[in-house]
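Structure below is run-v3.cif: mmCIF, C-alpha atoms.
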```
data_my_file
loop_
_atom_site.label_atom_id
_atom_site.label_comp_id
_atom_site.auth_asym_id
_atom_site.auth_seq_id
_atom_site.Cartn_x
_atom_site.Cartn_y
_atom_site.Cartn_z
CA MET A 761 -71.72 2.41 89.59
CA ALA A 762 -68.44 3.01 91.41
CA ILE A 763 -66.40 1.41 88.61
CA ALA A 764 -68.13 3.62 86.03
CA LEU A 765 -67.31 6.72 88.08
CA LEU A 766 -63.69 5.64 88.31
CA ALA A 767 -63.46 5.19 84.57
CA ALA A 768 -64.98 8.57 83.89
CA TRP A 769 -62.71 10.43 86.28
CA SER A 770 -59.27 9.33 85.10
CA PRO A 771 -57.70 12.80 84.62
CA ASP A 772 -54.17 12.10 83.46
CA ALA A 773 -52.29 9.87 81.05
CA ARG A 774 -50.22 8.48 83.93
CA ALA A 775 -53.05 7.82 86.38
CA GLY A 776 -55.36 5.25 84.83
CA ALA A 777 -55.74 1.78 86.31
CA TRP A 778 -59.06 1.15 84.52
CA ALA A 779 -59.10 0.29 80.81
CA ARG A 780 -61.86 1.50 78.46
CA GLY A 781 -64.40 -0.90 77.03
CA ARG A 782 -64.39 -1.75 73.33
CA GLY A 783 -65.55 1.28 71.33
CA GLU A 784 -65.59 3.55 74.40
CA ALA A 785 -63.84 6.93 74.31
CA TYR A 786 -62.79 9.46 76.92
CA ALA A 787 -61.71 12.96 75.85
CA LYS A 788 -60.68 16.00 77.83
CA ALA A 789 -60.15 19.48 76.36
CA SER A 790 -58.57 22.04 78.67
CA VAL A 791 -57.10 25.51 78.91
CA SER A 792 -54.54 26.43 81.54
CA TYR A 793 -52.35 29.20 82.91
CA LEU A 794 -49.06 28.51 84.74
CA LYS A 795 -46.93 31.14 86.44
CA ALA A 796 -43.65 31.09 88.36
CA GLU A 797 -41.44 33.78 89.85
CA GLU A 798 -39.03 31.45 91.65
CA MET A 799 -37.38 28.10 91.07
CA PHE A 800 -35.72 25.35 93.07
CA ASP A 801 -31.99 25.16 92.33
CA ASP A 802 -29.89 21.98 92.09
CA SER A 803 -29.78 21.69 95.89
CA GLY A 804 -33.51 22.27 96.35
CA GLU A 805 -33.20 25.86 97.62
CA ARG A 806 -35.57 28.56 96.38
CA ARG A 807 -34.04 31.31 94.24
CA PRO A 808 -35.03 33.76 91.47
CA LEU A 809 -35.40 32.37 87.96
CA PHE A 810 -32.36 34.27 86.68
CA ASP A 811 -29.11 35.58 88.19
CA PRO A 812 -30.16 38.07 90.93
CA ALA A 813 -26.94 40.05 90.39
CA LEU A 814 -28.10 40.87 86.86
CA TYR A 815 -31.92 40.72 86.93
CA GLU A 816 -34.90 41.50 89.11
CA ARG A 817 -38.68 40.91 88.85
CA THR A 818 -38.24 37.63 87.03
CA ARG A 819 -41.30 35.84 85.63
CA TYR A 820 -42.15 32.72 83.65
CA ALA A 821 -45.67 32.09 82.30
CA GLU A 822 -47.43 29.50 80.13
CA HIS A 823 -50.80 29.90 78.43
CA GLY A 824 -51.81 26.46 77.26
CA SER A 825 -54.53 24.35 75.74
CA ALA A 826 -54.51 20.59 75.40
CA LEU A 827 -56.52 17.66 74.12
CA TYR A 828 -56.22 14.27 75.81
CA VAL A 829 -57.99 11.19 74.35
CA GLU A 830 -58.42 7.54 75.37
CA TYR A 831 -60.06 4.95 73.10
CA GLY A 832 -60.85 1.32 73.76
CA VAL A 833 -59.75 -0.57 70.66
CA PHE A 834 -60.92 -3.74 72.41
CA ASP A 835 -61.25 -4.83 76.03
CA ALA A 836 -57.57 -5.72 76.36
CA LEU A 837 -56.15 -2.51 74.85
CA THR A 838 -56.84 1.19 75.38
CA LEU A 839 -54.95 3.71 73.24
CA LEU A 840 -53.94 7.10 74.66
CA GLY A 841 -52.89 10.38 73.10
CA SER A 842 -52.22 13.94 74.23
CA LEU A 843 -51.37 17.08 72.25
CA PRO A 844 -50.59 20.42 73.99
CA LEU A 845 -50.42 23.90 72.43
CA LYS A 846 -48.50 26.54 74.39
CA LEU A 847 -47.58 30.20 74.48
CA VAL A 848 -44.58 30.54 76.82
CA GLU A 849 -43.08 33.82 78.04
CA GLN A 850 -40.17 34.71 80.31
CA ASP A 851 -39.21 38.21 81.46
CA ALA A 852 -36.73 39.94 83.77
CA ASP A 853 -35.69 43.56 84.35
CA GLY A 854 -31.96 44.31 84.08
CA LEU A 855 -29.88 45.81 86.91
CA SER A 856 -26.91 48.22 86.88
CA GLY A 857 -27.40 49.26 83.28
CA ALA A 858 -27.78 45.69 82.02
CA GLY A 859 -30.50 45.12 79.49
CA GLY A 860 -33.68 43.33 80.41
CA LEU A 861 -34.57 39.86 79.27
CA HIS A 862 -37.64 38.86 77.30
CA GLY A 863 -38.38 35.78 75.29
CA GLU A 864 -41.42 33.91 74.09
CA ALA A 865 -42.26 30.78 72.17
CA PHE A 866 -45.50 29.54 70.67
CA GLY A 867 -46.39 26.21 69.16
CA LEU A 868 -47.18 22.56 69.68
CA ALA A 869 -45.14 20.85 72.36
CA ASP A 870 -44.32 17.13 72.38
CA ILE A 871 -47.11 14.73 71.46
CA HIS A 872 -47.64 11.81 73.86
CA LEU A 873 -48.81 8.44 72.54
CA GLY A 874 -49.46 5.46 74.77
CA ALA A 875 -51.49 2.41 75.65
CA ARG A 876 -53.12 0.84 78.70
CA VAL A 877 -53.12 -2.96 79.01
CA PRO A 878 -55.29 -4.31 81.88
CA LEU A 879 -53.81 -6.96 84.15
CA HIS A 880 -56.79 -7.31 86.50
CA ARG A 881 -60.40 -6.09 86.52
CA GLY A 882 -63.05 -5.85 89.22
CA ARG A 883 -63.21 -4.20 92.64
CA TRP A 884 -59.51 -3.51 92.22
CA ALA A 885 -57.76 -2.95 88.92
CA ALA A 886 -54.22 -3.16 87.62
CA ALA A 887 -52.73 -2.13 84.29
CA ILE A 888 -49.45 -1.56 82.48
CA GLU A 889 -49.18 1.79 80.71
CA PRO A 890 -46.32 2.36 78.23
CA ASP A 891 -46.05 5.75 76.51
CA LEU A 892 -43.90 7.47 73.91
CA LYS A 893 -43.13 11.18 73.75
CA VAL A 894 -42.52 12.37 70.19
CA PRO A 895 -41.07 15.89 69.70
CA LEU A 896 -42.68 18.07 67.03
CA ARG A 897 -39.69 20.42 66.85
CA GLY A 898 -35.92 20.17 66.91
CA ALA A 899 -33.53 20.58 69.84
CA PRO A 900 -33.46 24.09 71.42
CA GLN A 901 -30.72 26.56 70.53
CA THR A 902 -27.68 26.51 72.78
CA VAL A 903 -28.00 30.24 73.58
CA SER A 904 -31.40 31.89 73.28
CA THR A 905 -33.69 34.18 75.25
CA ALA A 906 -36.69 32.24 73.95
CA PRO A 907 -38.14 29.61 76.32
CA THR A 908 -37.78 25.95 75.45
CA LEU A 909 -40.85 23.96 74.39
CA SER A 910 -39.13 20.62 73.90
CA THR A 911 -35.84 18.74 74.28
CA GLY A 912 -36.20 17.63 70.66
CA LEU A 913 -35.63 14.01 71.74
CA ILE A 914 -37.86 10.93 71.86
CA ASP A 915 -38.64 9.51 75.32
CA PHE A 916 -40.13 6.15 76.32
CA GLY A 917 -41.78 5.40 79.65
CA ALA A 918 -43.76 2.61 81.27
CA ALA A 919 -45.79 2.53 84.50
CA LEU A 920 -47.59 0.03 86.68
CA CYS A 921 -51.02 1.36 87.71
CA LEU A 922 -53.18 0.06 90.59
CA GLY A 923 -56.62 1.22 91.73
CA THR A 924 -59.57 0.28 93.89
CA SER A 925 -63.17 1.42 94.20
CA LEU A 926 -64.64 2.73 97.47
CA PRO A 927 -68.39 2.12 97.03
CA ARG A 928 -69.46 3.34 100.48
CA LEU A 929 -67.81 6.71 99.79
CA ARG A 930 -68.83 6.77 96.12
CA GLY A 931 -65.16 7.15 95.36
CA TYR A 932 -61.88 5.52 94.45
CA GLY A 933 -58.15 5.50 95.08
CA GLN A 934 -55.38 4.77 92.61
CA GLY A 935 -51.67 5.20 92.03
CA SER A 936 -48.88 4.45 89.60
CA VAL A 937 -45.09 4.12 89.53
CA GLY A 938 -43.07 4.39 86.33
CA TYR A 939 -39.66 4.83 84.73
CA ARG A 940 -38.80 6.97 81.70
CA ILE A 941 -35.86 6.42 79.34
CA ARG A 942 -34.77 9.61 77.58
CA ALA A 943 -32.83 9.78 74.34
CA GLY A 944 -29.50 11.56 73.98
CA ARG A 945 -27.67 12.69 77.10
CA THR A 946 -30.80 13.76 78.99
CA ALA A 947 -31.07 12.00 82.36
CA GLU A 948 -33.64 9.26 82.84
CA GLU A 949 -36.34 9.63 85.48
CA GLU A 950 -38.70 7.86 87.86
CA TYR A 951 -42.25 9.17 88.23
CA TRP A 952 -45.25 8.39 90.42
CA ASP A 953 -48.71 9.61 91.36
CA PHE A 954 -51.41 8.89 93.95
CA GLU A 955 -54.98 10.03 93.52
CA ALA A 956 -58.27 9.84 95.45
CA GLY A 957 -61.72 10.98 94.40
CA LEU A 958 -65.26 10.93 95.70
CA GLU A 959 -68.74 12.30 95.03
CA PRO A 960 -69.85 14.08 98.23
CA ALA A 961 -73.13 15.32 96.70
CA ARG A 962 -75.17 14.78 93.58
CA LEU A 963 -73.40 16.30 90.54
CA LEU A 964 -70.37 17.32 92.66
CA ARG A 965 -67.05 15.48 92.32
CA VAL A 966 -63.78 16.21 94.10
CA ARG A 967 -60.33 14.74 93.51
CA PHE A 968 -56.89 15.14 95.01
CA LEU A 969 -53.70 14.19 93.16
CA TYR A 970 -50.14 14.03 94.49
CA ASP A 971 -47.46 13.34 91.89
CA GLY A 972 -43.75 13.68 91.43
CA VAL A 973 -40.68 13.07 89.29
CA HIS A 974 -37.11 12.26 90.27
CA SER A 975 -34.28 12.89 87.80
CA GLU A 976 -30.60 13.70 88.14
CA ARG A 977 -29.22 16.55 86.05
CA GLY A 978 -26.48 15.40 83.67
CA LEU A 979 -23.46 17.37 82.52
CA GLY A 980 -24.83 17.73 79.01
CA GLY A 981 -28.51 18.28 79.80
CA GLY A 982 -30.66 21.23 80.63
CA GLY A 983 -32.21 23.99 78.62
CA ALA A 984 -30.65 26.97 76.94
CA ALA A 985 -28.33 29.16 78.97
CA ALA A 986 -30.86 31.97 79.50
CA ASP A 987 -33.84 29.70 80.11
CA ALA A 988 -35.73 29.08 83.29
CA PRO A 989 -36.57 25.38 83.77
CA VAL A 990 -39.51 24.34 81.60
CA PRO A 991 -42.05 21.79 82.89
CA GLY A 992 -41.76 18.44 81.15
CA VAL A 993 -38.43 18.81 79.34
CA GLY A 994 -36.49 16.55 81.71
CA GLU A 995 -33.70 16.62 84.30
CA GLN A 996 -36.00 18.10 86.92
CA SER A 997 -37.19 16.66 90.22
CA PHE A 998 -40.41 17.92 91.77
CA GLN A 999 -43.35 17.11 94.02
CA ARG A 1000 -46.76 18.55 93.24
CA ILE A 1001 -50.32 18.62 94.58
CA ALA A 1002 -53.45 19.10 92.46
CA PRO A 1003 -56.94 19.39 93.99
CA THR A 1004 -59.88 19.35 91.54
CA VAL A 1005 -63.55 20.29 91.82
CA ALA A 1006 -65.86 19.07 89.05
CA ILE A 1007 -69.54 19.45 88.18
CA ALA A 1008 -71.31 16.64 86.31
CA LEU A 1009 -73.25 17.77 83.24
CA GLY A 1010 -75.28 14.62 82.65
CA GLY A 1011 -74.11 11.17 81.75
CA TRP A 1012 -70.36 11.02 82.41
CA ASN A 1013 -69.56 14.50 81.09
CA GLU A 1014 -68.17 17.14 83.44
CA VAL A 1015 -66.59 20.57 83.76
CA SER A 1016 -63.63 20.73 86.14
CA VAL A 1017 -61.34 23.30 87.75
CA THR A 1018 -57.87 22.16 88.89
CA TRP A 1019 -55.14 23.98 90.81
CA ARG A 1020 -51.61 22.56 90.68
CA ARG A 1021 -48.75 23.62 92.92
CA VAL A 1022 -45.11 22.48 92.83
CA PHE A 1023 -44.05 22.67 96.49
CA ASP A 1024 -40.64 20.98 96.38
CA GLY A 1025 -38.04 20.13 93.79
CA ARG A 1026 -34.60 20.48 92.24
CA SER A 1027 -33.85 22.32 88.98
CA ALA A 1028 -37.60 22.96 88.66
CA LEU A 1029 -40.01 25.86 88.67
CA ARG A 1030 -41.85 26.68 91.88
CA SER A 1031 -45.02 27.09 89.85
CA SER A 1032 -48.72 27.54 90.36
CA GLU A 1033 -51.18 26.52 87.64
CA TRP A 1034 -54.92 26.81 87.04
CA GLU A 1035 -56.77 24.61 84.55
CA VAL A 1036 -60.37 24.51 83.33
CA GLY A 1037 -61.39 21.36 81.48
CA PHE A 1038 -64.36 19.72 79.81
CA SER A 1039 -64.50 15.90 79.79
CA PHE A 1040 -66.57 13.49 77.69
CA LEU A 1041 -67.04 9.75 78.14
CA GLY A 1042 -69.19 7.55 75.92
CA LYS A 1043 -69.45 5.17 72.99
CA VAL A 1044 -68.22 6.46 69.66
CA VAL A 1045 -67.44 4.74 66.35
CA PRO A 1046 -67.37 0.97 67.08
CA ALA A 1047 -63.87 -0.46 67.32
CA PRO A 1048 -63.01 -3.13 64.79
CA GLY A 1049 -63.04 -6.74 65.94
CA LEU A 1050 -59.91 -8.86 65.87
#
```
As structure tokens:
Amino acid sequence: MAIALLAAWSPDARAGAWARGRGEAYAKASVSYLKAEEMFDDSGERRPLFDPALYERTRYAEHGSALYVEYGVFDALTLLGSLPLKLVEQDADGLSGAGGLHGEAFGLADIHLGARVPLHRGRWAAAIEPDLKVPLRGAPQTVSTAPTLSTGLIDFGAALCLGTSLPRLRGYGQGSVGYRIRAGRTAEEEYWDFEAGLEPARLLRVRFLYDGVHSERGLGGGGAAADAPVPGVGEQSFQRIAPTVAIALGGWNEVSVTWRRVFDGRSALRSSEWEVGFSFLGKVVPAPGL
């Protein structure tokens, strides 16, 4: 029972220690809204998104939707994929006669493809999870008021994931540590996450995720000159918390509400994000045998 709950609750491509069974699929469709009015600069200090001598009332916002899918090709291999669609806006009012700033971008961001290979199964689980980020658009313009949706470069990462069930609490704990190699001159990064979840009452599930990324800004990296930092495009360090409350809908399906907050970082947005998601877990088209 506990292992089944663990498998159903894996919320993120980087956080799964449990592989899917052959022919089993997990899918999560979500909509989200992210907003930031401040950022952490290169030294970790809070400041406005744009030069305060030129702009006031700065704002960055993302309206997003995403589909994340896992599929068990066979017991020793689970395939992963994620595709986000975003509308991104950034605004600032000009000071001392300077014009204001407004830019927006809409489209598909980078697609993530990956796999989960189990190393150990049972009361505790271990897996290796490589993933590939494939850009669906070219590199951003050097100077532009439009926000950046992608670096335009392919990235490769790999993580070691560990997890254990907590049957007496009807819950679990898991974590992962990984390293990402980025193409071009964009700095490479280390990433990690730790997550715990439990079922305190029938149909009610709660989870808490702490994750982070460490990356050093290079001389040739970063977004366009007028851009605020954009989540996920690299050369940002941050620490984030994400509590979730979910309601089971029968079987292993659920509706969830997640709040994410970046509370520390460098060259990163000090953002707050809300997400509503619907998750499905079950057998689908049988996977082919080998």
Original post:
Between A:Val1005, A:Ala777, A:Val1015, A:Val1044, which has the minimum distance to Arg967 of chain A (counting only C-alpha atoms)?
Top reply: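 Of all the options, A:Val1005 lies closest to Arg967 of chain A.
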I want to know what sits within 7 Å of Leu845 of chain A, based on all atoms listed in the file, with residues of the same chain fewer than 5 positions away left out; could you give that as a compact mmCIF listing (two decimals) with C-alpha atoms, in the frame of the given file?
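Saved the output as result_28.txt:
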```txt
# COMPACT_ATOMS: atom_id res chain seq x y z
CA GLY A 824 -51.81 26.46 77.26
CA SER A 825 -54.53 24.35 75.74
CA ALA A 826 -54.51 20.59 75.40
CA GLY A 867 -46.39 26.21 69.16
CA LEU A 868 -47.18 22.56 69.68
CA ALA A 869 -45.14 20.85 72.36
```
Just want the 8 Å neighbourhood of Glu822 of chain A, counted on all atoms listed in the file, with same-chain residues fewer than 3 positions away dropped. Output as a PDB file with C-alpha atoms, in the frame of the given file.
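Result file follows (part35.pdb):
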```
ATOM      1  CA  SER A 792     -54.540  26.430  81.540  1.00  0.00           C
ATOM      2  CA  TYR A 793     -52.350  29.200  82.910  1.00  0.00           C
ATOM      3  CA  LEU A 794     -49.060  28.510  84.740  1.00  0.00           C
ATOM      4  CA  LYS A 795     -46.930  31.140  86.440  1.00  0.00           C
ATOM      5  CA  LYS A 846     -48.500  26.540  74.390  1.00  0.00           C
ATOM      6  CA  LEU A 847     -47.580  30.200  74.480  1.00  0.00           C
ATOM      7  CA  VAL A 848     -44.580  30.540  76.820  1.00  0.00           C
ATOM      8  CA  GLU A 849     -43.080  33.820  78.040  1.00  0.00           C
TER       9      GLU A 849
END
```
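Taken over the whole file, the PyMOL selection byres ((chain A and resi 881) around 12) covers exactly Ile763, Ala767, Ala777, Trp778, Ala779, Arg780, Gly781, Asp835, Ala836, Val877, Pro878, Leu879, His880, Gly882, Arg883, Trp884, Ala885, Ala886, Ala887, Leu922, Gly923, Thr924 and Ser925 of chain A.
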Subject >> Nearest to Glu798 of chain A, chosen from A:Gly933, A:Tyr786, A:Val966, A:Pro812, with all atoms listed in the file counted in the distances >> reply: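 Ranked by minimum distance to Glu798 of chain A, first place goes to A:Pro812.
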Original post:
Written as JSON, numbers by chain, which residues does the PyMOL selection byres ((chain A and resi 950) around 9) give for the file shown?
Top reply: {"A": [937, 938, 939, 940, 948, 949, 951, 952, 972, 973, 974, 975]}
Generate a file of the selected residues that holds C-alpha atoms, formatted as a PDB file, keeping the file's coordinate frame.
```pdb
ATOM      1  CA  VAL A 937     -45.090   4.120  89.530  1.00  0.00           C
ATOM      2  CA  GLY A 938     -43.070   4.390  86.330  1.00  0.00           C
ATOM      3  CA  TYR A 939     -39.660   4.830  84.730  1.00  0.00           C
ATOM      4  CA  ARG A 940     -38.800   6.970  81.700  1.00  0.00           C
ATOM      5  CA  GLU A 948     -33.640   9.260  82.840  1.00  0.00           C
ATOM      6  CA  GLU A 949     -36.340   9.630  85.480  1.00  0.00           C
ATOM      7  CA  TYR A 951     -42.250   9.170  88.230  1.00  0.00           C
ATOM      8  CA  TRP A 952     -45.250   8.390  90.420  1.00  0.00           C
ATOM      9  CA  GLY A 972     -43.750  13.680  91.430  1.00  0.00           C
ATOM     10  CA  VAL A 973     -40.680  13.070  89.290  1.00  0.00           C
ATOM     11  CA  HIS A 974     -37.110  12.260  90.270  1.00  0.00           C
ATOM     12  CA  SER A 975     -34.280  12.890  87.800  1.00  0.00           C
TER      13      SER A 975
END
```
Original post:
What does the PyMOL selection byres ((chain A and resi 895) around 7) select in this file, as a ChimeraX atom specification?
Top reply: /A:869-871,893-894,896-897,910,912-914
Taking C-alpha atoms for each residue, export the selection above as a PDB file, keeping the file's coordinate frame.
```pdb
ATOM      1  CA  ALA A 869     -45.140  20.850  72.360  1.00  0.00           C
ATOM      2  CA  ASP A 870     -44.320  17.130  72.380  1.00  0.00           C
ATOM      3  CA  ILE A 871     -47.110  14.730  71.460  1.00  0.00           C
ATOM      4  CA  LYS A 893     -43.130  11.180  73.750  1.00  0.00           C
ATOM      5  CA  VAL A 894     -42.520  12.370  70.190  1.00  0.00           C
ATOM      6  CA  LEU A 896     -42.680  18.070  67.030  1.00  0.00           C
ATOM      7  CA  ARG A 897     -39.690  20.420  66.850  1.00  0.00           C
ATOM      8  CA  SER A 910     -39.130  20.620  73.900  1.00  0.00           C
ATOM      9  CA  GLY A 912     -36.200  17.630  70.660  1.00  0.00           C
ATOM     10  CA  LEU A 913     -35.630  14.010  71.740  1.00  0.00           C
ATOM     11  CA  ILE A 914     -37.860  10.930  71.860  1.00  0.00           C
TER      12      ILE A 914
END
```
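Picture a line from atom CA of Thr946 of chain A to atom CA of Leu892 of chain A; it runs 15.4 Å.
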Subject >> All residues 10 Å or closer to Ser856 of chain A, all atoms listed in the file, same chain fewer than 4 positions away omitted, as a PyMOL selection string >> reply: chain A and resi 813-815
Original post:
Which distance in Å separates atom CA of Val829 of chain A and atom CA of Ser842 of chain A, to one decimal?
Top reply: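 Atom-to-atom, atom CA of Val829 of chain A to atom CA of Ser842 of chain A, that is 6.4 Å.
Note that atom CA of Val1036 of chain A and atom CA of Gln850 of chain A are 22.8 Å apart.
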Original post:
What's the 10 Å shell around Ala1002 of chain A, counting only C-alpha atoms, without same-chain residues fewer than 3 positions away, as a list of chain:residue names?
Top reply: A:Glu955, A:Arg967, A:Phe968, A:Leu969, A:Tyr970, A:Asp971, A:Thr1018, A:Trp1019, A:Arg1020, A:Arg1021, A:Val1022, A:Ser1032, A:Glu1033, A:Trp1034
Report as a tab-separated table (two decimals) with C-alpha atoms, keeping the file's coordinate frame all protein, DNA and RNA residues lying within 6 Å of Ser936 of chain A, evaluated on all atoms listed in the file, omitting residues in the same chain fewer than 4 positions from it.
```
chain	number	residue	atom	x	y	z
A	920	LEU	CA	-47.59	0.03	86.68
A	921	CYS	CA	-51.02	1.36	87.71
A	952	TRP	CA	-45.25	8.39	90.42
A	953	ASP	CA	-48.71	9.61	91.36
```
